[in-house]
Amino acid sequence: MSRNFIMPMAVMAMCVAASGPAHAQTTTKLTATKANDYGLVYTLPSAVINVTLEAERTESRPGELYNYASKYLKTSPIQSASQRWTLAGAELIQTAVPDDEQRYNVKFKNNSPVIIVVDSNNAPVSINDEGYAPSTPAKPTLEPKQPQPSILDSPAARQAMTEEMIQSTSTAKRAELAADKIFELRQNRNDIISGNADGMPKDGQAMQIALDNLAQQEEALTAMFTGVKISSSEIETYTFTPGEESQNVVIARISPVKGLLPADDLAGEPIYLNYKVISRGTIPLTDKGEEKRFPKGGVAYRIPGIAEISITYDGEELDKQTFQIPQLGVVFGMEPSMFSDKKAPGYAHFEPLTGAIKETGIVAQ
């Protein structure tokens with residue numbers, strides 16, 4: 001199959017930058033002119049899969065009265081400070097990079113002002129349709145979570161502390177006073193619910209506010225015995241370049257002590273990526289069932305294949321997506337003359353992530 005000219009990137013004349021809204025891609029318009037010998041250069045993309053992982057960190061902190069949790073509350077408290085990392089989520093998103101082996105300089109007829117719009121990777125976005133805007137690339141939805149103040153840092157905790165508890169220098173005495181306060185709060189709640197409290201709330205909303213306040217105070221005092229757990233998370237993104245089908249690729253690792261680790265750090269347990277080829281792109285066929293020939297000087301585009309990619313950890317599938325993968329397909333071409341016809345010039349829309357054609361037609365006159 002003959003192919004179009006593959007040439008090093010050249011400096012193009014008559015290039016006008018065109019930027020859409022802040023959320024849109026940055027694009028550049030190239031115009032075929034005498035200065036560039038009516039040739040337009042672009043590069044077809046290759047797919048890269050970004051694997052975004054979220055690791056959650058849980059920090060356990062003992063309460064100051066943990067030694068008395070069993071005596072007064074009959075419960076087992078956190079006894080020492082510790083932290084533990086777990087894998088909280090995974091997300092697969094396709095991006096694109098330029099494929100330097102698929103760089104083309106398409107020649108058009110003299111005096112035909114064909115334009116091509118390319119993205120920041122120099123991948124084709126459209127031909128003869130400057131106003132076309134491709135869909136915005138997907139972005140990760142996973143975000144790092146900052147640690148939030150514990151109940152011990154809340155206004156309810158300060159409200160629950162009595163003057164006697166604050167002034168006491170004996171931990172044992174403070175534990176006794178805190179336990180007494182917990183039981184007092186429970187009794188107050190029961191009195192409100194049963195309607196036997198002095199100074200009952202005036203309405204249902206006031207009652208709910210009072211009950212919520214009592215519950216928060218009890219939670220704070222209880223945490224002085226049982227301790228608290230503070231959660232936060234971190235995000236890391238790893239890249240995978242699709243090639244041949246592969247299973248159980250270690251994309252990263254996670255350690256309960258160290259969090260996310262590189263794939264080659266055996267201190268963590270493996271997080272696997274599985275890559276399954278569903279179909280491969282093929283050359284279009286003629287009416288006789290034979291492969292069509294690449295048009296001479298054709299406008300090259302991709303016919304991608306399809307793959308299924310998933311992320312698993314500890315036997316659980318965290319994300320699975322189906323993607324169009326340029327590397328699993330072929331390159332074919334359109335006749336360049338269809339875009340330089342002065343009476344009925346054609347247009348084309350591309351998918352910048354894959355280099356595939358989305359739509360072709362005739363420019364409205």
# chains A, B, ... in the order shown; residues from 1 in each chain; ligands from 1
>>> select_by_dssp(residues="region 32-124 of chain A", states="strand (DSSP E)", output="PyMOL selection string")
chain A and resi 39-61+82-107+115-118+124
>>> select_by_dssp(residues="region 173-273 of chain A", states="alpha helix (DSSP H)", output="ChimeraX atom specification")
/A:173-194,204-226
>>> atom_distance(atom1="CA of Leu92 (chain A)", atom2="CA of Ser126 (chain A)")
26.7 Å
>>> closest_atom_pairs(of="region 50-165 of chain A", to="region 321-337 of chain A", cutoff="8 Å", atoms="only C-alpha atoms", output="JSON lines")
{"residue": "A:Leu92", "atom": "CA", "partner": "A:Gln321", "partner_atom": "CA", "distance": 7.0}
{"residue": "A:Gln94", "atom": "CA", "partner": "A:Phe323", "partner_atom": "CA", "distance": 7.4}
{"residue": "A:Val106", "atom": "CA", "partner": "A:Pro336", "partner_atom": "CA", "distance": 7.6}
{"residue": "A:Lys107", "atom": "CA", "partner": "A:Pro336", "partner_atom": "CA", "distance": 7.5}
{"residue": "A:Phe108", "atom": "CA", "partner": "A:Pro336", "partner_atom": "CA", "distance": 6.3}
{"residue": "A:Lys109", "atom": "CA", "partner": "A:Ser337", "partner_atom": "CA", "distance": 7.4}
>>> write_last_selection(atoms="C-alpha atoms", output="PDB file, in the first residue's frame")
ATOM      1  CA  LEU A  92      -8.905   5.037  33.510  1.00  0.00           C
ATOM      2  CA  GLN A  94      -7.475   7.966  27.507  1.00  0.00           C
ATOM      3  CA  VAL A 106      -0.431  16.780   2.470  1.00  0.00           C
ATOM      4  CA  LYS A 107      -0.175  18.748  -0.772  1.00  0.00           C
ATOM      5  CA  PHE A 108      -3.255  20.522  -2.128  1.00  0.00           C
ATOM      6  CA  LYS A 109      -3.906  22.174  -5.494  1.00  0.00           C
TER       7      LYS A 109
END
>>> closest_residue(among="A:Ala178, A:Leu214, A:Leu65, A:Ala252", to="Thr52 (chain A)", atoms="only C-alpha atoms")
A:Ala252
>>> residues_around(residues="region 127-139 of chain A", least_positions_apart="6", cutoff="10 Å", atoms="only C-alpha atoms", output="MDAnalysis selection string")
chainID A and resid 18 20 23:25 27:31 50 91:96 113:119 299 339:340 345:353 358 360 362:363
>>> write_last_selection(atoms="C-alpha atoms", output="PDB file, in the first residue's frame")
ATOM      1  CA  ALA A  18      -7.355  29.957  17.703  1.00  0.00           C
ATOM      2  CA  GLY A  20     -11.801  28.392  22.438  1.00  0.00           C
ATOM      3  CA  HIS A  23     -12.383  24.353  29.118  1.00  0.00           C
ATOM      4  CA  ALA A  24     -11.812  23.669  25.401  1.00  0.00           C
ATOM      5  CA  GLN A  25      -8.684  22.454  23.683  1.00  0.00           C
ATOM      6  CA  THR A  27      -6.085  24.653  18.531  1.00  0.00           C
ATOM      7  CA  THR A  28      -4.103  26.164  15.663  1.00  0.00           C
ATOM      8  CA  LYS A  29      -5.302  26.916  12.144  1.00  0.00           C
ATOM      9  CA  LEU A  30      -2.930  26.123   9.267  1.00  0.00           C
ATOM     10  CA  THR A  31      -3.667  27.476   5.772  1.00  0.00           C
ATOM     11  CA  ASN A  50      -3.702   7.428  32.339  1.00  0.00           C
ATOM     12  CA  GLU A  91      -9.921   5.657  37.130  1.00  0.00           C
ATOM     13  CA  LEU A  92      -8.905   5.037  33.510  1.00  0.00           C
ATOM     14  CA  ILE A  93      -8.748   7.970  31.070  1.00  0.00           C
ATOM     15  CA  GLN A  94      -7.475   7.966  27.507  1.00  0.00           C
ATOM     16  CA  THR A  95      -5.101  10.677  26.351  1.00  0.00           C
ATOM     17  CA  ALA A  96      -3.020  11.080  23.217  1.00  0.00           C
ATOM     18  CA  PRO A 113      -6.978  27.958   0.443  1.00  0.00           C
ATOM     19  CA  VAL A 114      -7.552  24.696   2.315  1.00  0.00           C
ATOM     20  CA  ILE A 115      -7.296  25.014   6.077  1.00  0.00           C
ATOM     21  CA  ILE A 116      -6.613  22.370   8.687  1.00  0.00           C
ATOM     22  CA  VAL A 117      -7.112  22.890  12.410  1.00  0.00           C
ATOM     23  CA  VAL A 118      -4.776  20.917  14.675  1.00  0.00           C
ATOM     24  CA  ASP A 119      -4.641  20.512  18.444  1.00  0.00           C
ATOM     25  CA  VAL A 299      -5.132  12.873   3.637  1.00  0.00           C
ATOM     26  CA  PHE A 339     -11.051  19.543  -0.040  1.00  0.00           C
ATOM     27  CA  SER A 340      -9.767  21.833  -2.813  1.00  0.00           C
ATOM     28  CA  PRO A 345     -15.138  21.989  -1.205  1.00  0.00           C
ATOM     29  CA  GLY A 346     -15.390  19.189   1.321  1.00  0.00           C
ATOM     30  CA  TYR A 347     -14.827  19.259   5.044  1.00  0.00           C
ATOM     31  CA  ALA A 348     -13.825  16.646   7.615  1.00  0.00           C
ATOM     32  CA  HIS A 349     -14.058  16.355  11.380  1.00  0.00           C
ATOM     33  CA  PHE A 350     -11.600  14.168  13.277  1.00  0.00           C
ATOM     34  CA  GLU A 351     -11.370  12.596  16.705  1.00  0.00           C
ATOM     35  CA  PRO A 352      -8.093  14.090  18.023  1.00  0.00           C
ATOM     36  CA  LEU A 353      -7.607  11.255  20.549  1.00  0.00           C
ATOM     37  CA  LYS A 358     -16.037  11.521  12.737  1.00  0.00           C
ATOM     38  CA  THR A 360     -17.221  14.380   6.220  1.00  0.00           C
ATOM     39  CA  ILE A 362     -19.608  19.536   1.677  1.00  0.00           C
ATOM     40  CA  VAL A 363     -19.018  23.041   2.990  1.00  0.00           C
TER      41      VAL A 363
END
>>> residues_around(residues="Val41 (chain A)", least_positions_apart="2", cutoff="7 Å", atoms="only C-alpha atoms", output="PyMOL selection string")
chain A and resi 9+39+104-106
>>> atom_distance(atom1="CA of Val228 (chain A)", atom2="CA of Thr162 (chain A)")
20.8 Å
>>> residues_around(residues="region 142-147 of chain A", least_positions_apart="4", cutoff="8 Å", atoms="only C-alpha atoms", output="list in words")
Thr52, Leu53, Glu54, Gly89, Ala90, Glu91, Ile230, Ser231, Ser232, Ser233, Glu234 and Ile235 of chain A
>>> atom_distance(atom1="CA of Ala32 (chain A)", atom2="CA of Lys342 (chain A)")
13.9 Å
>>> closest_residue(among="A:Glu236, A:Glu317, A:Glu163, A:Glu59", to="Leu260 (chain A)", atoms="only C-alpha atoms")
A:Glu236
>>> residues_around(residues="region 210-213 of chain A", least_positions_apart="3", cutoff="8 Å", atoms="only C-alpha atoms", output="list in words")
Ala156, Arg189, Ile192, Pro201, Ala206, Met207, Gln216 and Gln217 of chain A
>>> write_last_selection(atoms="C-alpha atoms", output="compact mmCIF listing (two decimals), in the first residue's frame")
# COMPACT_ATOMS: atom_id res chain seq x y z
CA ALA A 156 -19.24 20.49 70.84
CA ARG A 189 -31.67 13.14 75.56
CA ILE A 192 -36.36 15.40 75.73
CA PRO A 201 -37.91 22.81 73.05
CA ALA A 206 -35.70 23.21 68.10
CA MET A 207 -35.94 19.69 69.50
CA GLN A 216 -22.18 15.71 69.38
CA GLN A 217 -21.16 16.37 72.98
>>> residues_around(residues="Arg253 (chain A)", least_positions_apart="3", cutoff="9 Å", atoms="only C-alpha atoms", output="list of chain:residue names")
A:Val250, A:Gly259, A:Leu260, A:Leu261, A:Pro262, A:Ala263, A:Asp264, A:Asp265, A:Leu266, A:Ala267, A:Gly268, A:Glu269, A:Pro270, A:Ile271, A:Tyr272
>>> closest_residue(among="A:Asn121, A:Ala364, A:Val48, A:Ala179", to="Lys343 (chain A)", atoms="only C-alpha atoms")
A:Ala364
>>> closest_residue(among="A:Thr86, A:Thr222, A:Leu285, A:Ala172", to="Lys74 (chain A)", atoms="only C-alpha atoms")
A:Thr222
